[in-house]
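Encoded as structure tokens, the structure appears first; notes follow it.
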Amino acid sequence: MSVKAFSSDWAKQFKDEVNKSAAYKAAAKGWKWTVGLVIEAEPDKNFPESRGVVMDLFDGAARDITVGPASDAQSCDFVITAPYTRWKQVATKELDATKGMLQGKLKLKGDLPTIVRYTKASQEMTECTTRVAVEWPDEN
Amino acid sequence: MHDAGRGRMARRKLGASAKESALVEYASKEPSAFAEMLGGLIEANVRASAEKRKDFDALVARVGVWVTDIDEGVTLVFDARSLKVYNGLEAQRTITIRADAETVMSLSNLKIGLFGLPVYYDDVGRGVASKLLSRKLQIDGLLPHIATVNRVTRIFSVQ
């Protein structure tokens, strides 16, 4: 069953996908930082307010993933920021997250050596987002 | 917990007041995201490791990095104790690395082993070696400048 994009139901399904992923568990061993995703508003895409996804990730598992105001995500150890459309492209595999960061389509804040060390984990995390069936607000 | 802001991409411009302490400078007023990412990564690596700092201080080379699947690249001009990052490929490069984004990232994950040589026998190393053999990773100038390639690899490496 599909869930509304970047809603609490989406966060729950995303968390379940992360915790089901053996690849993520292996690649993220030793990870102990919070990650925030800031989804910037695009009113013309029926996404009127920015939202923040806060991911409490620890040693290959997602302890919690919640959706709230963008400010919550901005206070995480690592913050990735992009407009709604870019995140949709990532979740639908139109945009590779690594390439997106190198091109500046996704803006990263945080300790670069750490994030580079966990490139495989972040790629698998992206794969997990693509496994959640989503209702996109601009497709209603 | 680390200080998440510590490694934030440095964006120091020539003429900035912090110039004397800057290791990395950007030739353009508007460095590309890739330039900022590589420059920021190198600066964080060098500041965190005395061994990488020694390599950085000794390195004089013009290193091109071209990411084939995003059609973007940079030139890293190492000049003993400083680095200037240019958007795009500049002339007279000592070596030029050409690979897709994933491979460029995996270069940063090469472990450094005995005698400061990159490790090519673990998973990451085998992947890099295999891409070199299949020419999905090309390093122009590799043979005449093998010591420079190894030194650059050590500075890039986050392992």
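Letters for chains follow the order of the structure tokens (A, B, ...), residue numbers begin at 1 for each chain, and ligand numbers begin at 1 in the order shown.
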Using only C-alpha atoms, which residues of region 28-119 of chain A come within 8 Å of region 83-103 of chain B, and what is the closest atom pair for each, with the distance in Å to one decimal? Give it as a tab-separated table, sorted by chain and residue number.
residue	atom	partner	partner_atom	distance
A:Thr98	CA	B:Ala101	CA	7.0
A:Lys99	CA	B:Ala101	CA	6.1
A:Leu102	CA	B:Ala101	CA	7.8
Please, could you write that set of residues out with N, CA and C atoms as a PDB file, in the first residue's frame?
ATOM      1  N   THR A  98      24.764   9.958  -5.129  1.00  0.00           N
ATOM      2  CA  THR A  98      26.192  10.323  -5.147  1.00  0.00           C
ATOM      3  C   THR A  98      26.449  11.367  -6.229  1.00  0.00           C
ATOM      4  N   LYS A  99      25.919  11.092  -7.417  1.00  0.00           N
ATOM      5  CA  LYS A  99      26.097  12.053  -8.511  1.00  0.00           C
ATOM      6  C   LYS A  99      25.443  13.386  -8.150  1.00  0.00           C
ATOM      7  N   LEU A 102      27.718  15.349  -5.985  1.00  0.00           N
ATOM      8  CA  LEU A 102      28.873  15.886  -6.718  1.00  0.00           C
ATOM      9  C   LEU A 102      28.454  17.043  -7.628  1.00  0.00           C
TER      10      LEU A 102
END
Exercise. Considering only C-alpha atoms, return as a list of chain:residue names whatever protein or nucleic-acid residues lie within 9 Å of Thr119 (chain A), sequence-local ones (same chain, fewer than 3 positions apart) excluded.
Key: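 Near neighbours after the sequence-gap exclusion: A:Ala27, A:Thr98, A:Thr114, A:Ile115, A:Val116, A:Ser122, A:Gln123, A:Glu124, B:Glu102, B:Met105, B:Ser106, B:Asn109.
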Expected file contents, prior selection, C-alpha atoms, as a PDB file, in the first residue's frame:
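Final output, saved to result.pdb:
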ATOM      1  CA  ALA A  27      27.903  -1.180   5.084  1.00  0.00           C
ATOM      2  CA  THR A  98      26.192  10.323  -5.147  1.00  0.00           C
ATOM      3  CA  THR A 114      33.026  10.314   7.344  1.00  0.00           C
ATOM      4  CA  ILE A 115      30.335  10.469   4.683  1.00  0.00           C
ATOM      5  CA  VAL A 116      32.793   9.312   1.997  1.00  0.00           C
ATOM      6  CA  SER A 122      24.354   5.896   1.816  1.00  0.00           C
ATOM      7  CA  GLN A 123      23.804   4.217  -1.558  1.00  0.00           C
ATOM      8  CA  GLU A 124      21.936   1.370   0.123  1.00  0.00           C
TER       9      GLU A 124
ATOM     10  CA  GLU B 102      31.133   5.812  -7.934  1.00  0.00           C
ATOM     11  CA  MET B 105      34.396   7.919  -4.508  1.00  0.00           C
ATOM     12  CA  SER B 106      35.902   4.448  -4.185  1.00  0.00           C
ATOM     13  CA  ASN B 109      38.101   4.493   0.180  1.00  0.00           C
TER      14      ASN B 109
END
Practice problem: Determine which residues of chain A DSSP labels as helix (DSSP H, G or I) from the backbone of this structure, then write them out as JSON, numbers by chain. | Solution: {"A": [8, 9, 10, 11, 12, 13, 14, 15, 16, 17, 18, 19, 20, 22, 23, 24, 25, 26, 27, 43, 44, 45, 70, 71, 72, 73, 74, 84, 85, 86, 87, 88, 89, 90, 91, 97, 98, 99, 100, 101, 102, 112, 113, 114, 115, 116, 117, 119, 120, 121, 122, 123, 124, 125, 126, 127, 128, 129, 130, 137, 138, 139]}
Per residue of chain B within 12 Å of chain A, note the shortest atom pair and the distance in Å to one decimal, counting only C-alpha atoms, and order the rows by chain and increasing residue number, as JSON lines.
{"residue": "B:Met1", "atom": "CA", "partner": "A:Trp33", "partner_atom": "CA", "distance": 7.2}
{"residue": "B:His2", "atom": "CA", "partner": "A:Asp77", "partner_atom": "CA", "distance": 8.0}
{"residue": "B:Asp3", "atom": "CA", "partner": "A:Asp77", "partner_atom": "CA", "distance": 7.6}
{"residue": "B:Ala4", "atom": "CA", "partner": "A:Gly110", "partner_atom": "CA", "distance": 4.7}
{"residue": "B:Gly5", "atom": "CA", "partner": "A:Gly110", "partner_atom": "CA", "distance": 5.6}
{"residue": "B:Arg6", "atom": "CA", "partner": "A:Asp111", "partner_atom": "CA", "distance": 6.2}
{"residue": "B:Gly7", "atom": "CA", "partner": "A:Asp111", "partner_atom": "CA", "distance": 4.1}
{"residue": "B:Arg8", "atom": "CA", "partner": "A:Gly110", "partner_atom": "CA", "distance": 5.4}
{"residue": "B:Met9", "atom": "CA", "partner": "A:Lys109", "partner_atom": "CA", "distance": 7.5}
{"residue": "B:Ala10", "atom": "CA", "partner": "A:Leu112", "partner_atom": "CA", "distance": 10.5}
{"residue": "B:Pro31", "atom": "CA", "partner": "A:Gly104", "partner_atom": "CA", "distance": 10.6}
{"residue": "B:Ser32", "atom": "CA", "partner": "A:Gln103", "partner_atom": "CA", "distance": 7.5}
{"residue": "B:Ala33", "atom": "CA", "partner": "A:Gly104", "partner_atom": "CA", "distance": 4.8}
{"residue": "B:Phe34", "atom": "CA", "partner": "A:Leu102", "partner_atom": "CA", "distance": 4.7}
{"residue": "B:Ala35", "atom": "CA", "partner": "A:Leu102", "partner_atom": "CA", "distance": 8.5}
{"residue": "B:Glu36", "atom": "CA", "partner": "A:Leu102", "partner_atom": "CA", "distance": 8.9}
{"residue": "B:Met37", "atom": "CA", "partner": "A:Leu102", "partner_atom": "CA", "distance": 7.0}
{"residue": "B:Leu38", "atom": "CA", "partner": "A:Leu102", "partner_atom": "CA", "distance": 9.1}
{"residue": "B:Gly39", "atom": "CA", "partner": "A:Leu112", "partner_atom": "CA", "distance": 10.2}
{"residue": "B:Gly40", "atom": "CA", "partner": "A:Leu112", "partner_atom": "CA", "distance": 7.1}
{"residue": "B:Leu41", "atom": "CA", "partner": "A:Leu112", "partner_atom": "CA", "distance": 5.5}
{"residue": "B:Ile42", "atom": "CA", "partner": "A:Pro113", "partner_atom": "CA", "distance": 8.6}
{"residue": "B:Glu43", "atom": "CA", "partner": "A:Leu112", "partner_atom": "CA", "distance": 9.7}
{"residue": "B:Ala44", "atom": "CA", "partner": "A:Pro113", "partner_atom": "CA", "distance": 7.0}
{"residue": "B:Asn45", "atom": "CA", "partner": "A:Pro113", "partner_atom": "CA", "distance": 6.9}
{"residue": "B:Val46", "atom": "CA", "partner": "A:Pro113", "partner_atom": "CA", "distance": 10.6}
{"residue": "B:Arg47", "atom": "CA", "partner": "A:Pro113", "partner_atom": "CA", "distance": 11.3}
{"residue": "B:Ala48", "atom": "CA", "partner": "A:Pro113", "partner_atom": "CA", "distance": 9.9}
{"residue": "B:Ser49", "atom": "CA", "partner": "A:Pro113", "partner_atom": "CA", "distance": 11.8}
{"residue": "B:Trp66", "atom": "CA", "partner": "A:Leu102", "partner_atom": "CA", "distance": 11.6}
{"residue": "B:Val67", "atom": "CA", "partner": "A:Leu102", "partner_atom": "CA", "distance": 9.2}
{"residue": "B:Thr68", "atom": "CA", "partner": "A:Lys99", "partner_atom": "CA", "distance": 10.6}
{"residue": "B:Asp69", "atom": "CA", "partner": "A:Lys99", "partner_atom": "CA", "distance": 8.1}
{"residue": "B:Ile70", "atom": "CA", "partner": "A:Lys99", "partner_atom": "CA", "distance": 7.0}
{"residue": "B:Asp71", "atom": "CA", "partner": "A:Gln103", "partner_atom": "CA", "distance": 9.6}
{"residue": "B:Glu72", "atom": "CA", "partner": "A:Gln103", "partner_atom": "CA", "distance": 8.1}
{"residue": "B:Gly73", "atom": "CA", "partner": "A:Leu102", "partner_atom": "CA", "distance": 9.9}
{"residue": "B:Val74", "atom": "CA", "partner": "A:Leu102", "partner_atom": "CA", "distance": 11.4}
{"residue": "B:Asp100", "atom": "CA", "partner": "A:Lys99", "partner_atom": "CA", "distance": 9.1}
{"residue": "B:Ala101", "atom": "CA", "partner": "A:Lys99", "partner_atom": "CA", "distance": 6.1}
{"residue": "B:Glu102", "atom": "CA", "partner": "A:Thr98", "partner_atom": "CA", "distance": 7.2}
{"residue": "B:Thr103", "atom": "CA", "partner": "A:Thr98", "partner_atom": "CA", "distance": 10.7}
{"residue": "B:Val104", "atom": "CA", "partner": "A:Thr98", "partner_atom": "CA", "distance": 10.4}
{"residue": "B:Met105", "atom": "CA", "partner": "A:Val116", "partner_atom": "CA", "distance": 6.8}
{"residue": "B:Ser106", "atom": "CA", "partner": "A:Thr119", "partner_atom": "CA", "distance": 8.2}
{"residue": "B:Leu107", "atom": "CA", "partner": "A:Val116", "partner_atom": "CA", "distance": 10.0}
{"residue": "B:Ser108", "atom": "CA", "partner": "A:Val116", "partner_atom": "CA", "distance": 7.2}
{"residue": "B:Asn109", "atom": "CA", "partner": "A:Arg117", "partner_atom": "CA", "distance": 6.2}
{"residue": "B:Leu110", "atom": "CA", "partner": "A:Arg117", "partner_atom": "CA", "distance": 9.7}
{"residue": "B:Lys111", "atom": "CA", "partner": "A:Arg117", "partner_atom": "CA", "distance": 10.7}
{"residue": "B:Val124", "atom": "CA", "partner": "A:Lys120", "partner_atom": "CA", "distance": 10.7}
{"residue": "B:Ile155", "atom": "CA", "partner": "A:Pro113", "partner_atom": "CA", "distance": 11.2}
{"residue": "B:Phe156", "atom": "CA", "partner": "A:Pro113", "partner_atom": "CA", "distance": 9.2}
{"residue": "B:Ser157", "atom": "CA", "partner": "A:Pro113", "partner_atom": "CA", "distance": 8.4}
{"residue": "B:Val158", "atom": "CA", "partner": "A:Pro113", "partner_atom": "CA", "distance": 5.4}
{"residue": "B:Gln159", "atom": "CA", "partner": "A:Arg117", "partner_atom": "CA", "distance": 7.0}
Picked from chain A by DSSP as strand (DSSP E or B), as a CSV table (one decimal) with N, CA and C atoms, in the first residue's frame:
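Produced file result07.csv, reproduced below:
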chain,number,residue,atom,x,y,z
A,3,VAL,N,2.0,5.2,0.5
A,3,VAL,CA,1.9,6.2,1.6
A,3,VAL,C,2.2,7.6,1.0
A,4,LYS,N,1.8,8.6,1.7
A,4,LYS,CA,2.0,10.0,1.3
A,4,LYS,C,3.5,10.3,1.4
A,34,THR,N,23.5,11.2,13.5
A,34,THR,CA,22.2,11.4,13.0
A,34,THR,C,22.3,12.1,11.6
A,35,VAL,N,21.3,11.8,10.8
A,35,VAL,CA,21.2,12.3,9.5
A,35,VAL,C,19.9,13.0,9.3
A,36,GLY,N,20.0,14.2,8.8
A,36,GLY,CA,18.7,15.0,8.5
A,36,GLY,C,18.6,15.2,7.0
A,37,LEU,N,17.4,15.0,6.5
A,37,LEU,CA,17.1,15.3,5.1
A,37,LEU,C,16.1,16.5,5.2
A,38,VAL,N,16.5,17.5,4.5
A,38,VAL,CA,15.6,18.7,4.4
A,38,VAL,C,15.0,18.7,3.0
A,39,ILE,N,13.6,18.6,3.0
A,39,ILE,CA,12.9,18.6,1.8
A,39,ILE,C,12.3,20.0,1.6
A,40,GLU,N,12.9,20.7,0.7
A,40,GLU,CA,12.4,22.1,0.6
A,40,GLU,C,11.1,22.2,-0.2
A,42,GLU,N,8.0,23.2,-2.4
A,42,GLU,CA,7.8,23.6,-3.8
A,42,GLU,C,6.3,23.7,-4.0
A,47,PHE,N,3.6,20.8,-2.8
A,47,PHE,CA,4.4,20.5,-1.6
A,47,PHE,C,4.7,21.9,-0.9
A,51,ARG,N,9.9,20.2,4.9
A,51,ARG,CA,9.8,19.2,5.9
A,51,ARG,C,11.2,18.7,6.2
A,52,GLY,N,11.4,18.1,7.4
A,52,GLY,CA,12.7,17.5,7.8
A,52,GLY,C,12.5,16.1,8.2
A,53,VAL,N,13.4,15.3,7.7
A,53,VAL,CA,13.4,13.8,8.1
A,53,VAL,C,14.6,13.6,9.0
A,54,VAL,N,14.3,13.2,10.2
A,54,VAL,CA,15.4,13.0,11.1
A,54,VAL,C,15.7,11.5,11.2
A,55,MET,N,16.9,11.1,10.9
A,55,MET,CA,17.2,9.6,11.0
A,55,MET,C,18.2,9.4,12.1
A,56,ASP,N,17.8,8.6,13.1
A,56,ASP,CA,18.7,8.2,14.2
A,56,ASP,C,19.2,6.8,13.8
A,57,LEU,N,20.4,6.9,13.3
A,57,LEU,CA,21.0,5.6,12.7
A,57,LEU,C,22.2,5.2,13.6
A,58,PHE,N,22.3,3.9,13.9
A,58,PHE,CA,23.3,3.5,14.8
A,58,PHE,C,23.8,2.1,14.4
A,61,ALA,N,21.8,0.0,11.9
A,61,ALA,CA,20.3,-0.1,12.1
A,61,ALA,C,19.7,1.3,12.2
A,62,ALA,N,18.4,1.4,11.9
A,62,ALA,CA,17.7,2.7,12.0
A,62,ALA,C,17.0,2.6,13.4
A,63,ARG,N,17.4,3.4,14.4
A,63,ARG,CA,16.7,3.3,15.6
A,63,ARG,C,15.4,4.1,15.6
A,64,ASP,N,15.4,5.1,14.8
A,64,ASP,CA,14.2,5.9,14.6
A,64,ASP,C,14.3,6.8,13.3
A,65,ILE,N,13.2,6.9,12.7
A,65,ILE,CA,13.1,7.9,11.5
A,65,ILE,C,11.8,8.6,11.7
A,66,THR,N,11.9,10.0,11.8
A,66,THR,CA,10.7,10.8,12.0
A,66,THR,C,10.6,11.9,11.0
A,67,VAL,N,9.4,12.4,10.8
A,67,VAL,CA,9.2,13.5,9.9
A,67,VAL,C,8.7,14.7,10.7
A,68,GLY,N,9.3,15.9,10.6
A,68,GLY,CA,8.9,17.0,11.3
A,68,GLY,C,9.3,18.3,10.6
A,78,PHE,N,24.7,15.2,10.1
A,78,PHE,CA,24.8,15.4,8.7
A,78,PHE,C,23.5,15.8,8.1
A,79,VAL,N,23.5,16.8,7.3
A,79,VAL,CA,22.3,17.4,6.7
A,79,VAL,C,22.4,17.4,5.2
A,80,ILE,N,21.4,16.8,4.5
A,80,ILE,CA,21.3,16.8,3.1
A,80,ILE,C,20.1,17.6,2.7
A,81,THR,N,20.3,18.6,1.9
A,81,THR,CA,19.2,19.5,1.6
A,81,THR,C,18.9,19.5,0.1
A,82,ALA,N,17.7,19.5,-0.3
A,82,ALA,CA,17.3,19.6,-1.7
A,82,ALA,C,15.8,19.9,-1.8
A,83,PRO,N,15.4,20.5,-2.9
A,83,PRO,CA,14.0,20.8,-3.1
A,83,PRO,C,13.2,19.4,-3.3
A,107,LYS,N,22.6,19.2,-1.5
A,107,LYS,CA,23.7,19.9,-0.7
A,107,LYS,C,23.9,19.2,0.6
A,108,LEU,N,25.2,18.9,0.8
A,108,LEU,CA,25.6,18.1,2.0
A,108,LEU,C,26.3,19.0,3.0
A,109,LYS,N,25.9,18.8,4.3
A,109,LYS,CA,26.7,19.5,5.3
A,109,LYS,C,27.1,18.4,6.3
A,134,VAL,N,5.0,5.2,-2.9
A,134,VAL,CA,4.7,6.5,-2.5
A,134,VAL,C,3.7,7.2,-3.4
A,135,GLU,N,2.8,7.9,-2.7
A,135,GLU,CA,1.8,8.8,-3.4
A,135,GLU,C,2.5,10.2,-3.4
Practice problem: Would you mind reading off the distance between CA of Val65 (chain B) and CA of Arg86 (chain A), one decimal, in Å? | Solution: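 A separation of 25.5 Å between them.
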Quiz item: Which distance in Å separates CA of Ala80 (chain B) and CA of Lys29 (chain B), to one decimal?
Solution: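 About the pair CA of Ala80 (chain B) and CA of Lys29 (chain B): they are 22.8 Å apart.
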